[in-house]
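Source file: target.tsv; contents: TSV, C-alpha atoms and all ligand atoms.
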```
chain	number	residue	atom	x	y	z
K	4	LEU	CA	-22.09	5.44	-27.59
K	5	THR	CA	-23.43	5.13	-31.12
K	6	ILE	CA	-26.37	7.18	-32.30
K	7	GLU	CA	-28.20	3.87	-32.68
K	8	SER	CA	-27.88	2.83	-29.04
K	9	GLN	CA	-28.83	6.34	-27.91
K	10	LEU	CA	-31.87	6.25	-30.19
K	11	HIS	CA	-33.07	3.11	-28.40
K	12	GLN	CA	-33.22	5.18	-25.21
K	13	ALA	CA	-34.86	8.22	-26.78
K	14	LEU	CA	-38.48	7.11	-26.42
K	15	PRO	CA	-38.35	5.66	-22.88
K	16	ARG	CA	-36.38	8.70	-21.71
K	17	GLY	CA	-38.80	11.17	-23.27
K	18	GLU	CA	-36.21	12.85	-25.50
K	19	LEU	CA	-38.45	13.05	-28.57
K	20	ARG	CA	-40.55	16.15	-29.19
K	21	LEU	CA	-42.99	17.25	-31.85
K	22	HIS	CA	-42.81	20.57	-33.60
K	23	TYR	CA	-45.60	22.03	-35.70
K	24	GLN	CA	-45.20	24.09	-38.87
K	25	PRO	CA	-48.20	26.15	-40.03
K	26	GLN	CA	-49.92	25.41	-43.34
K	27	VAL	CA	-52.09	28.18	-44.78
K	28	ASP	CA	-55.00	28.48	-47.16
K	29	LEU	CA	-53.73	30.81	-49.91
K	30	ARG	CA	-57.21	32.20	-50.56
K	31	ASN	CA	-57.31	33.98	-47.20
K	32	GLY	CA	-53.97	33.44	-45.48
K	33	ARG	CA	-55.50	31.51	-42.58
K	34	ILE	CA	-53.70	28.65	-40.87
K	35	VAL	CA	-55.74	25.54	-41.54
K	36	SER	CA	-53.31	22.83	-40.50
K	37	ALA	CA	-49.75	22.03	-39.47
K	38	GLU	CA	-47.07	19.56	-40.47
K	39	VAL	CA	-45.81	17.56	-37.52
K	40	LEU	CA	-42.00	17.41	-37.45
K	41	LEU	CA	-40.07	15.19	-35.08
K	42	ARG	CA	-37.19	16.53	-32.97
K	43	TRP	CA	-34.71	14.64	-30.80
K	44	GLN	CA	-33.23	16.46	-27.84
K	45	GLN	CA	-30.28	14.21	-27.04
K	46	PRO	CA	-28.65	15.10	-23.69
K	47	GLN	CA	-25.04	14.81	-24.90
K	48	ARG	CA	-25.37	15.74	-28.57
K	49	GLY	CA	-28.06	18.44	-28.33
K	50	MET	CA	-30.82	18.77	-30.87
K	51	ILE	CA	-30.49	16.18	-33.63
K	52	ALA	CA	-32.23	16.82	-36.95
K	53	PRO	CA	-34.56	14.16	-38.37
K	54	ASN	CA	-32.45	13.84	-41.50
K	55	GLU	CA	-29.71	12.42	-39.24
K	56	PHE	CA	-31.69	10.01	-37.10
K	57	ILE	CA	-34.69	8.96	-39.21
K	58	PRO	CA	-32.46	6.91	-41.56
K	59	VAL	CA	-30.94	5.18	-38.49
K	60	ALA	CA	-34.42	4.54	-37.12
K	61	GLU	CA	-35.46	3.08	-40.48
K	62	ASP	CA	-32.44	0.78	-40.74
K	63	THR	CA	-32.88	-0.56	-37.21
K	64	GLY	CA	-36.67	-0.90	-37.39
K	65	LEU	CA	-37.04	1.52	-34.47
K	66	ILE	CA	-39.05	3.71	-36.85
K	67	LEU	CA	-42.07	1.49	-36.23
K	68	ARG	CA	-42.23	2.29	-32.52
K	69	ILE	CA	-41.12	5.89	-32.94
K	70	GLY	CA	-43.58	6.44	-35.78
K	71	GLU	CA	-46.45	5.06	-33.74
K	72	TRP	CA	-45.51	7.35	-30.85
K	73	VAL	CA	-45.50	10.34	-33.24
K	74	LEU	CA	-48.98	9.49	-34.51
K	75	ARG	CA	-50.37	8.94	-31.02
K	76	GLU	CA	-48.85	12.15	-29.67
K	77	ALA	CA	-49.92	14.20	-32.70
K	78	CYS	CA	-53.51	12.90	-32.62
K	79	ALA	CA	-53.79	13.51	-28.86
K	80	GLN	CA	-52.58	17.10	-29.37
K	81	LEU	CA	-54.97	17.56	-32.29
K	82	GLY	CA	-57.82	16.32	-30.10
K	83	ARG	CA	-56.99	18.90	-27.43
K	84	TRP	CA	-56.76	21.76	-29.95
K	85	ARG	CA	-60.00	20.81	-31.64
K	86	HIS	CA	-61.69	20.53	-28.25
K	87	GLU	CA	-60.40	24.01	-27.35
K	88	GLY	CA	-62.26	25.41	-30.34
K	89	HIS	CA	-60.04	24.94	-33.38
K	90	ARG	CA	-62.70	22.72	-34.88
K	91	GLU	CA	-61.44	22.69	-38.45
K	92	LEU	CA	-57.76	22.13	-37.66
K	93	SER	CA	-55.98	19.18	-39.21
K	94	LEU	CA	-52.46	17.78	-38.89
K	95	ALA	CA	-50.09	16.19	-41.41
K	96	VAL	CA	-47.81	13.43	-40.12
K	97	ASN	CA	-44.79	12.08	-42.03
K	98	LEU	CA	-44.56	8.34	-42.47
K	99	SER	CA	-41.62	6.20	-43.55
K	100	ALA	CA	-42.29	3.67	-46.30
K	101	ARG	CA	-41.56	0.84	-43.91
K	102	GLN	CA	-44.17	2.14	-41.51
K	103	VAL	CA	-46.99	2.61	-44.05
K	104	LEU	CA	-46.41	-0.76	-45.65
K	105	GLN	CA	-46.45	-2.83	-42.45
K	106	PRO	CA	-49.45	-5.19	-42.37
K	107	GLY	CA	-52.08	-4.05	-39.90
K	108	PHE	CA	-51.00	-0.42	-39.93
K	109	ALA	CA	-54.49	0.84	-40.84
K	110	ALA	CA	-55.93	-0.91	-37.78
K	111	THR	CA	-53.28	0.75	-35.61
K	112	VAL	CA	-54.19	4.15	-37.04
K	113	ALA	CA	-57.90	3.48	-36.53
K	114	GLY	CA	-57.22	2.72	-32.86
K	115	ILE	CA	-55.13	5.86	-32.40
K	116	ILE	CA	-57.69	8.25	-33.89
K	117	ALA	CA	-60.53	6.60	-31.97
K	118	GLN	CA	-58.63	6.97	-28.71
K	119	ALA	CA	-57.80	10.61	-29.47
K	120	GLY	CA	-61.39	11.33	-30.48
K	121	VAL	CA	-60.43	13.02	-33.73
K	122	PRO	CA	-62.16	12.44	-37.07
K	123	ALA	CA	-60.06	10.60	-39.64
K	124	SER	CA	-60.74	13.47	-42.03
K	125	SER	CA	-58.59	15.75	-39.83
K	126	LEU	CA	-55.52	13.59	-40.38
K	127	VAL	CA	-53.19	13.72	-43.38
K	128	LEU	CA	-50.46	11.15	-43.79
K	129	GLU	CA	-47.46	12.29	-45.83
K	130	ILE	CA	-45.86	9.52	-47.79
K	131	THR	CA	-42.91	9.65	-50.17
K	132	GLU	CA	-42.54	8.50	-53.73
K	133	SER	CA	-40.61	5.46	-52.50
K	134	VAL	CA	-43.94	4.03	-51.28
K	135	LEU	CA	-45.42	4.32	-54.75
K	136	MET	CA	-42.40	2.72	-56.37
K	137	GLN	CA	-43.55	-0.62	-54.99
K	138	PRO	CA	-46.92	-0.77	-56.76
K	139	SER	CA	-47.93	-4.31	-55.82
K	140	GLU	CA	-51.54	-5.30	-55.19
K	141	ASP	CA	-50.68	-5.79	-51.52
K	142	ASN	CA	-49.30	-2.30	-51.18
K	143	LEU	CA	-52.23	-0.80	-53.02
K	144	ALA	CA	-54.56	-2.63	-50.61
K	145	LEU	CA	-52.62	-1.30	-47.60
K	146	LEU	CA	-53.02	2.28	-48.82
K	147	HIS	CA	-56.72	1.77	-49.55
K	148	ALA	CA	-57.20	0.40	-46.04
K	149	LEU	CA	-55.88	3.77	-44.79
K	150	THR	CA	-57.97	5.97	-47.06
K	151	ASP	CA	-61.03	3.83	-46.32
K	152	LEU	CA	-60.75	5.14	-42.75
K	153	GLY	CA	-61.42	8.62	-44.19
K	154	LEU	CA	-57.97	10.12	-43.86
K	155	LYS	CA	-55.97	11.71	-46.67
K	156	LEU	CA	-52.67	10.70	-48.20
K	157	SER	CA	-50.31	13.43	-49.36
K	158	LEU	CA	-47.32	12.82	-51.60
K	159	ASP	CA	-44.31	14.57	-50.04
K	160	ASP	CA	-41.29	15.98	-51.92
K	161	PHE	CA	-43.15	15.64	-55.21
K	162	GLY	CA	-40.91	15.79	-58.25
K	163	THR	CA	-37.67	14.81	-56.54
K	164	GLY	CA	-38.04	11.03	-56.69
K	165	TYR	CA	-38.61	8.50	-59.36
K	166	SER	CA	-42.34	7.86	-59.24
K	167	SER	CA	-44.10	7.56	-62.54
K	168	LEU	CA	-47.10	9.79	-63.17
K	169	SER	CA	-49.17	6.67	-63.75
K	170	TYR	CA	-48.83	5.87	-60.02
K	171	LEU	CA	-50.71	9.06	-59.23
K	172	LYS	CA	-53.67	7.66	-61.09
K	173	ARG	CA	-53.42	4.22	-59.51
K	174	PHE	CA	-52.87	5.16	-55.86
K	175	PRO	CA	-55.44	6.82	-53.57
K	176	ILE	CA	-53.48	10.07	-53.14
K	177	SER	CA	-55.42	13.28	-52.49
K	178	GLU	CA	-52.63	15.87	-52.24
K	179	LEU	CA	-49.28	16.71	-53.81
K	180	LYS	CA	-46.61	18.67	-51.95
K	181	ILE	CA	-44.44	20.58	-54.40
K	182	ASP	CA	-40.90	20.16	-53.20
K	183	ARG	CA	-39.12	23.17	-51.75
K	184	SER	CA	-36.34	22.86	-54.34
K	185	PHE	CA	-38.79	24.02	-57.05
K	186	VAL	CA	-40.34	26.76	-54.93
K	187	ASP	CA	-36.89	28.19	-54.15
K	188	GLY	CA	-36.27	29.41	-57.68
K	189	ILE	CA	-39.74	30.67	-58.58
K	190	GLU	CA	-38.68	34.31	-58.64
K	191	GLN	CA	-35.49	33.93	-60.67
K	192	ASP	CA	-35.50	30.61	-62.53
K	193	GLU	CA	-37.68	30.18	-65.61
K	194	ASN	CA	-37.48	26.38	-65.31
K	195	ASP	CA	-38.65	26.36	-61.68
K	196	ARG	CA	-41.55	28.63	-62.62
K	197	ALA	CA	-42.54	26.26	-65.41
K	198	ILE	CA	-42.23	23.18	-63.19
K	199	ALA	CA	-44.28	24.72	-60.37
K	200	ALA	CA	-47.03	25.89	-62.73
K	201	THR	CA	-47.13	22.54	-64.51
K	202	VAL	CA	-47.31	20.48	-61.32
K	203	ILE	CA	-50.15	22.68	-60.04
K	204	ALA	CA	-52.08	22.37	-63.32
K	205	MET	CA	-51.58	18.62	-63.42
K	206	ALA	CA	-52.67	18.20	-59.81
K	207	ARG	CA	-55.80	20.22	-60.42
K	208	GLY	CA	-56.56	18.15	-63.50
K	209	LEU	CA	-56.30	15.04	-61.36
K	210	ARG	CA	-58.47	16.69	-58.67
K	211	LEU	CA	-55.68	16.70	-56.12
K	212	THR	CA	-55.04	19.56	-53.72
K	213	VAL	CA	-51.59	21.16	-53.92
K	214	MET	CA	-49.39	22.29	-51.03
K	215	ALA	CA	-46.27	24.31	-51.86
K	216	GLU	CA	-43.38	23.70	-49.47
K	217	GLY	CA	-40.63	26.10	-48.47
K	218	VAL	CA	-42.48	29.31	-49.30
K	219	GLU	CA	-40.39	32.20	-48.00
K	220	THR	CA	-41.27	35.31	-50.01
K	221	ALA	CA	-44.29	37.34	-51.10
K	222	GLY	CA	-43.20	36.86	-54.72
K	223	GLN	CA	-43.23	33.08	-54.44
K	224	GLU	CA	-46.62	33.19	-52.76
K	225	ALA	CA	-48.11	35.48	-55.42
K	226	TYR	CA	-46.89	33.27	-58.26
K	227	LEU	CA	-48.21	30.11	-56.60
K	228	ARG	CA	-51.60	31.66	-55.89
K	229	ALA	CA	-51.91	33.07	-59.40
K	230	ASN	CA	-51.25	29.61	-60.77
K	231	GLY	CA	-53.96	27.98	-58.67
K	232	CYS	CA	-52.01	26.53	-55.76
K	233	GLY	CA	-54.39	26.27	-52.81
K	234	LEU	CA	-52.11	25.69	-49.83
K	235	ALA	CA	-48.67	26.75	-48.66
K	236	GLN	CA	-46.14	26.04	-45.96
K	237	GLY	CA	-42.80	27.70	-45.26
K	238	TYR	CA	-40.87	30.19	-43.18
K	239	ARG	CA	-43.09	32.98	-44.55
K	240	TYR	CA	-45.89	31.64	-42.34
K	241	GLY	CA	-43.80	30.15	-39.56
K	242	ARG	CA	-40.96	27.79	-38.76
K	243	PRO	CA	-41.56	24.43	-37.17
K	244	MET	CA	-42.31	25.36	-33.53
K	245	PRO	CA	-43.28	23.79	-30.19
K	246	ALA	CA	-46.97	23.08	-29.57
K	247	ASP	CA	-47.46	26.05	-27.24
K	248	ASP	CA	-46.11	28.50	-29.81
K	249	PHE	CA	-48.32	27.04	-32.50
K	250	ALA	CA	-51.33	27.27	-30.18
K	251	ALA	CA	-50.52	30.95	-29.56
K	252	LEU	CA	-50.40	31.57	-33.31
K	253	LEU	CA	-53.79	29.88	-33.73
K	254	ALA	CA	-55.28	31.87	-30.86
K	255	ARG	CA	-54.22	35.13	-32.50
K	256	GLN	CA	-56.16	34.41	-35.69
K	257	ALA	CA	-59.26	33.07	-33.92
K	301	LIG	O1	-38.04	19.11	-39.64
K	301	LIG	P1	-37.12	19.05	-40.78
K	301	LIG	O2	-37.41	20.20	-41.61
K	301	LIG	O3	-35.70	18.99	-40.42
K	301	LIG	O4	-37.49	17.64	-41.46
K	301	LIG	C1	-36.59	16.92	-42.22
K	301	LIG	C2	-37.23	15.68	-42.78
K	301	LIG	O5	-37.47	14.72	-41.76
K	301	LIG	C3	-38.56	15.98	-43.43
K	301	LIG	O6	-38.40	15.80	-44.79
K	301	LIG	C4	-39.51	14.97	-42.90
K	301	LIG	O7	-40.11	14.25	-43.97
K	301	LIG	C5	-38.68	14.06	-42.01
K	301	LIG	N1	-39.45	13.84	-40.79
K	301	LIG	C6	-39.75	14.74	-39.84
K	301	LIG	N2	-40.51	14.20	-38.87
K	301	LIG	C7	-40.72	12.91	-39.23
K	301	LIG	C8	-41.44	11.81	-38.65
K	301	LIG	O8	-42.10	11.92	-37.63
K	301	LIG	N3	-41.39	10.62	-39.31
K	301	LIG	C9	-40.71	10.46	-40.48
K	301	LIG	N4	-40.71	9.26	-41.04
K	301	LIG	N5	-40.03	11.46	-41.05
K	301	LIG	C10	-40.03	12.67	-40.45
K	302	LIG	O1	-39.11	16.54	-46.08
K	302	LIG	P1	-40.15	17.44	-45.54
K	302	LIG	O2	-40.66	18.31	-46.64
K	302	LIG	O3	-41.26	16.75	-44.83
K	302	LIG	O4	-39.49	18.40	-44.46
K	302	LIG	C1	-39.68	19.73	-44.41
K	302	LIG	C2	-38.34	20.37	-44.07
K	302	LIG	O5	-38.22	21.62	-44.70
K	302	LIG	C3	-38.18	20.57	-42.61
K	302	LIG	O6	-36.87	20.22	-42.27
K	302	LIG	C4	-38.37	22.09	-42.44
K	302	LIG	O7	-37.64	22.61	-41.34
K	302	LIG	C5	-37.86	22.61	-43.76
K	302	LIG	N1	-38.53	23.85	-44.13
K	302	LIG	C6	-39.82	24.14	-43.93
K	302	LIG	N2	-40.12	25.36	-44.46
K	302	LIG	C7	-38.97	25.83	-44.99
K	302	LIG	C8	-38.66	27.05	-45.68
K	302	LIG	O8	-39.48	27.93	-45.90
K	302	LIG	N3	-37.37	27.19	-46.10
K	302	LIG	C9	-36.42	26.24	-45.87
K	302	LIG	N4	-35.18	26.49	-46.31
K	302	LIG	N5	-36.69	25.08	-45.23
K	302	LIG	C10	-37.96	24.87	-44.80
K	303	MN	MN	-43.21	16.31	-45.06
K	304	NA	NA	-40.49	17.91	-48.51
```
Show this structure as C-alpha cells.
Ligand code: G
Ligand code: G
Ligand code: MN
Ligand code: NA
Amino acid sequence: LTIESQLHQALPRGELRLHYQPQVDLRNGRIVSAEVLLRWQQPQRGMIAPNEFIPVAEDTGLILRIGEWVLREACAQLGRWRHEGHRELSLAVNLSARQVLQPGFAATVAGIIAQAGVPASSLVLEITESVLMQPSEDNLALLHALTDLGLKLSLDDFGTGYSSLSYLKRFPISELKIDRSFVDGIEQDENDRAIAATVIAMARGLRLTVMAEGVETAGQEAYLRANGCGLAQGYRYGRPMPADDFAALLARQA
C-alpha cells in the first residue's frame, strides 16, 4: 500500500497523535506554552515523521481534514489544561498554507475555539513564509479574519524562506520564530550570532515577540536572552512529548 492510501485511513483509525513541546519565557524559565506537533503511528511502518507525511497530505488535500482534527484536538486539550488550573497556558498549532488560505477557515476556527471554551488569545497559529509570498488582497483579508478573532499569527522558520521584509509590515503577524538553523551556530559561528541578534532587534523594532527554536545549550540561551529574545523552545526545555508527560511537567512548576 502507498503512504497516500494509508494516510486516508489514519484519521478514521485513530493513528494520529499530538505531541507537545514546551516553550519558555526566558525572563524566568517558566513554561508558558507548547507547540503542537503531529505524529502518525502507522501499524506497519511505525512512527512516521511529519516531514514525510505532511507533504503527501498537502498534495492530496487530506491536510484540510487532518489539520482541522489537529486544531480541534489541540483546543480541546488546551481547554482541559486551562480548566485544571493552567489558566495562562497557550498552544501553538502549525498550519499549512493551503489550510490557512481556504475560504471560511476563520469561521471554522471560531467554531472550534467556542466549542473548546478557550479564549482566542490562548491560540497561536504558526504559518510559514510561503503564505506571505502570496500577498493578494484576498489572502490579506483571510489572515485579518483570523487575527480579528483575537488569536496570534507566528511566522515559523523565519529566515529560511523567501519572504520579503515588507510582508512583515503588511501582514498581521505578531511573532517571529527564529529558525533552528541559526540558533545551532550561535556559540561558534560569528554569522549565526549576527543573524540571530539582528532578527531579534528587527522583531522588537516591529513590536513582534520572538521565539528562538532549537535551543539546546546554556550558551545559546544566554546569548539569546542577552540580545532581547523573549521566548525559547528546544531540547534544553523538553522534546516534543505526549500530553500526559507535558501535563506532568506543568504540574511540577505549578
Ligand atoms: O515534530 P517535528 O519536529 O518532526 O516537525 C517537523 C515539521 O512538521 C515541523 O516543521 C512542523 O512545522 C511540521 N508539522 C508538525 N505538526 C504539524 C501539523 O499539525 N500541521 C502541519 N501543517 N505541519 C506540522
Ligand atoms: O518546522 P518546525 O519548526 O515547526 O518543527 C520543529 C521541529 O524541530 C520538530 O521536528 C522538532 O522535533 C524539532 N526540534 C525541536 N527542538 C529541537 C532542538 O532543540 N534540536 C533539534 N535538533 N531539533 C528540534
Ligand atoms: Mn512550527
Ligand atoms: Na521551524
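When all atoms listed in the file are used to compute distances to ligand NA 304 (chain K), the closest of the residues K:Phe108, K:Phe185, K:Trp43, K:Tyr226 turns out to be K:Phe185.
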Report as JSON lines: every residue of chain K with an atom at most 8 Å from ligand MN 303 (chain K), its closest pair of atoms, and their distance in Å to one decimal, counting only C-alpha atoms and all ligand atoms, with rows sorted by chain and ascending residue number.
```
{"residue": "K:Glu38", "atom": "CA", "partner": "K:MN303", "partner_atom": "MN", "distance": 6.8}
{"residue": "K:Leu40", "atom": "CA", "partner": "K:MN303", "partner_atom": "MN", "distance": 7.8}
{"residue": "K:Ala95", "atom": "CA", "partner": "K:MN303", "partner_atom": "MN", "distance": 7.8}
{"residue": "K:Val96", "atom": "CA", "partner": "K:MN303", "partner_atom": "MN", "distance": 7.3}
{"residue": "K:Asn97", "atom": "CA", "partner": "K:MN303", "partner_atom": "MN", "distance": 5.4}
{"residue": "K:Glu129", "atom": "CA", "partner": "K:MN303", "partner_atom": "MN", "distance": 5.9}
{"residue": "K:Ile130", "atom": "CA", "partner": "K:MN303", "partner_atom": "MN", "distance": 7.8}
{"residue": "K:Asp159", "atom": "CA", "partner": "K:MN303", "partner_atom": "MN", "distance": 5.4}
{"residue": "K:Asp160", "atom": "CA", "partner": "K:MN303", "partner_atom": "MN", "distance": 7.1}
```
Limited to C-alpha atoms, could you put the picked residues into a file as a PDB file, in the frame of the given file?
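Generated file (selection_7.pdb):
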```
ATOM      1  CA  GLU K  38     -47.070  19.560 -40.470  1.00  0.00           C
ATOM      2  CA  LEU K  40     -42.000  17.410 -37.450  1.00  0.00           C
ATOM      3  CA  ALA K  95     -50.090  16.190 -41.410  1.00  0.00           C
ATOM      4  CA  VAL K  96     -47.810  13.430 -40.120  1.00  0.00           C
ATOM      5  CA  ASN K  97     -44.790  12.080 -42.030  1.00  0.00           C
ATOM      6  CA  GLU K 129     -47.460  12.290 -45.830  1.00  0.00           C
ATOM      7  CA  ILE K 130     -45.860   9.520 -47.790  1.00  0.00           C
ATOM      8  CA  ASP K 159     -44.310  14.570 -50.040  1.00  0.00           C
ATOM      9  CA  ASP K 160     -41.290  15.980 -51.920  1.00  0.00           C
TER      10      ASP K 160
END
```
Taking into account only C-alpha atoms, which residue in the set K:Ile116, K:Asn142, K:Glu193, K:Leu10 is nearest to K:Ile57? K:Leu10
At a cut-off of 8 Å around ligand NA 304 (chain K), and using all atoms listed in the file, what residues come up? Please write them as a list in words.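 With all atoms listed in the file and a cut-off of 8 Å, ligand NA 304 (chain K) is contacted by Asp159, Asp160, Phe161, Lys180, Ile181, Asp182, Arg183 and Glu216 of chain K.
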Taking all atoms listed in the file into account, report as a PDB file with C-alpha atoms, in the coordinates of the input which residues have an atom no farther than 6 Å from an atom of ligand LIG 301 (chain K).
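Generated output (out12.pdb):
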```pdb
ATOM      1  CA  LEU K  40     -42.000  17.410 -37.450  1.00  0.00           C
ATOM      2  CA  LEU K  41     -40.070  15.190 -35.080  1.00  0.00           C
ATOM      3  CA  ALA K  52     -32.230  16.820 -36.950  1.00  0.00           C
ATOM      4  CA  PRO K  53     -34.560  14.160 -38.370  1.00  0.00           C
ATOM      5  CA  ASN K  54     -32.450  13.840 -41.500  1.00  0.00           C
ATOM      6  CA  GLY K  70     -43.580   6.440 -35.780  1.00  0.00           C
ATOM      7  CA  VAL K  73     -45.500  10.340 -33.240  1.00  0.00           C
ATOM      8  CA  ASN K  97     -44.790  12.080 -42.030  1.00  0.00           C
ATOM      9  CA  LEU K  98     -44.560   8.340 -42.470  1.00  0.00           C
ATOM     10  CA  SER K  99     -41.620   6.200 -43.550  1.00  0.00           C
TER      11      SER K  99
END
```
By how many Å are atom CA of K:Val121 and atom CA of K:Gly82 apart?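 Computing it gives 5.6 Å between the two atoms.
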Find the spatial neighbours of K:Ser167, counting only C-alpha atoms, within a cut-off of 12 Å - ignore same-chain residues fewer than 4 positions away - and output them as a count of residues only. 14
If you count only C-alpha atoms, the residue of K:Leu65, K:Ile34, K:Leu145, K:Leu211 closest to K:Val103 turns out to be K:Leu145
Identify which of the residues K:Gln24, K:Ser139, K:Ser157, K:Ser124 lies closest to ligand LIG 302 (chain K), counting all atoms listed in the file when measuring atom-to-atom distances. K:Gln24
Rebuild stretch 73-90 of chain K to N, CA and C atoms - output it as a PDB file, in the frame of the given file, please.
```pdb
ATOM      1  N   VAL K  73     -45.239   9.049 -32.577  1.00  0.00           N
ATOM      2  CA  VAL K  73     -45.500  10.340 -33.240  1.00  0.00           C
ATOM      3  C   VAL K  73     -46.982  10.484 -33.553  1.00  0.00           C
ATOM      4  N   LEU K  74     -47.554   9.444 -34.134  1.00  0.00           N
ATOM      5  CA  LEU K  74     -48.980   9.490 -34.510  1.00  0.00           C
ATOM      6  C   LEU K  74     -49.872   9.667 -33.288  1.00  0.00           C
ATOM      7  N   ARG K  75     -49.579   8.892 -32.241  1.00  0.00           N
ATOM      8  CA  ARG K  75     -50.370   8.940 -31.020  1.00  0.00           C
ATOM      9  C   ARG K  75     -50.313  10.321 -30.374  1.00  0.00           C
ATOM     10  N   GLU K  76     -49.090  10.833 -30.271  1.00  0.00           N
ATOM     11  CA  GLU K  76     -48.850  12.150 -29.670  1.00  0.00           C
ATOM     12  C   GLU K  76     -49.511  13.261 -30.495  1.00  0.00           C
ATOM     13  N   ALA K  77     -49.357  13.187 -31.815  1.00  0.00           N
ATOM     14  CA  ALA K  77     -49.920  14.200 -32.700  1.00  0.00           C
ATOM     15  C   ALA K  77     -51.453  14.183 -32.633  1.00  0.00           C
ATOM     16  N   CYS K  78     -52.053  12.988 -32.644  1.00  0.00           N
ATOM     17  CA  CYS K  78     -53.510  12.900 -32.620  1.00  0.00           C
ATOM     18  C   CYS K  78     -54.059  13.364 -31.265  1.00  0.00           C
ATOM     19  N   ALA K  79     -53.351  13.051 -30.188  1.00  0.00           N
ATOM     20  CA  ALA K  79     -53.790  13.510 -28.860  1.00  0.00           C
ATOM     21  C   ALA K  79     -53.760  15.043 -28.817  1.00  0.00           C
ATOM     22  N   GLN K  80     -52.692  15.633 -29.341  1.00  0.00           N
ATOM     23  CA  GLN K  80     -52.580  17.100 -29.370  1.00  0.00           C
ATOM     24  C   GLN K  80     -53.676  17.707 -30.242  1.00  0.00           C
ATOM     25  N   LEU K  81     -53.924  17.084 -31.391  1.00  0.00           N
ATOM     26  CA  LEU K  81     -54.970  17.560 -32.290  1.00  0.00           C
ATOM     27  C   LEU K  81     -56.330  17.515 -31.586  1.00  0.00           C
ATOM     28  N   GLY K  82     -56.569  16.439 -30.844  1.00  0.00           N
ATOM     29  CA  GLY K  82     -57.820  16.320 -30.100  1.00  0.00           C
ATOM     30  C   GLY K  82     -57.986  17.461 -29.100  1.00  0.00           C
ATOM     31  N   ARG K  83     -56.907  17.802 -28.399  1.00  0.00           N
ATOM     32  CA  ARG K  83     -56.990  18.900 -27.430  1.00  0.00           C
ATOM     33  C   ARG K  83     -57.255  20.225 -28.136  1.00  0.00           C
ATOM     34  N   TRP K  84     -56.553  20.491 -29.228  1.00  0.00           N
ATOM     35  CA  TRP K  84     -56.760  21.760 -29.950  1.00  0.00           C
ATOM     36  C   TRP K  84     -58.169  21.851 -30.516  1.00  0.00           C
ATOM     37  N   ARG K  85     -58.647  20.786 -31.088  1.00  0.00           N
ATOM     38  CA  ARG K  85     -60.000  20.810 -31.640  1.00  0.00           C
ATOM     39  C   ARG K  85     -61.030  21.027 -30.538  1.00  0.00           C
ATOM     40  N   HIS K  86     -60.804  20.391 -29.394  1.00  0.00           N
ATOM     41  CA  HIS K  86     -61.690  20.530 -28.250  1.00  0.00           C
ATOM     42  C   HIS K  86     -61.691  21.965 -27.718  1.00  0.00           C
ATOM     43  N   GLU K  87     -60.527  22.622 -27.820  1.00  0.00           N
ATOM     44  CA  GLU K  87     -60.400  24.010 -27.350  1.00  0.00           C
ATOM     45  C   GLU K  87     -61.011  25.002 -28.330  1.00  0.00           C
ATOM     46  N   GLY K  88     -61.541  24.519 -29.436  1.00  0.00           N
ATOM     47  CA  GLY K  88     -62.260  25.410 -30.340  1.00  0.00           C
ATOM     48  C   GLY K  88     -61.723  25.509 -31.757  1.00  0.00           C
ATOM     49  N   HIS K  89     -60.579  24.908 -32.016  1.00  0.00           N
ATOM     50  CA  HIS K  89     -60.040  24.940 -33.380  1.00  0.00           C
ATOM     51  C   HIS K  89     -60.612  23.755 -34.147  1.00  0.00           C
ATOM     52  N   ARG K  90     -61.911  23.870 -34.435  1.00  0.00           N
ATOM     53  CA  ARG K  90     -62.700  22.720 -34.880  1.00  0.00           C
ATOM     54  C   ARG K  90     -62.335  22.218 -36.271  1.00  0.00           C
TER      55      ARG K  90
END
```
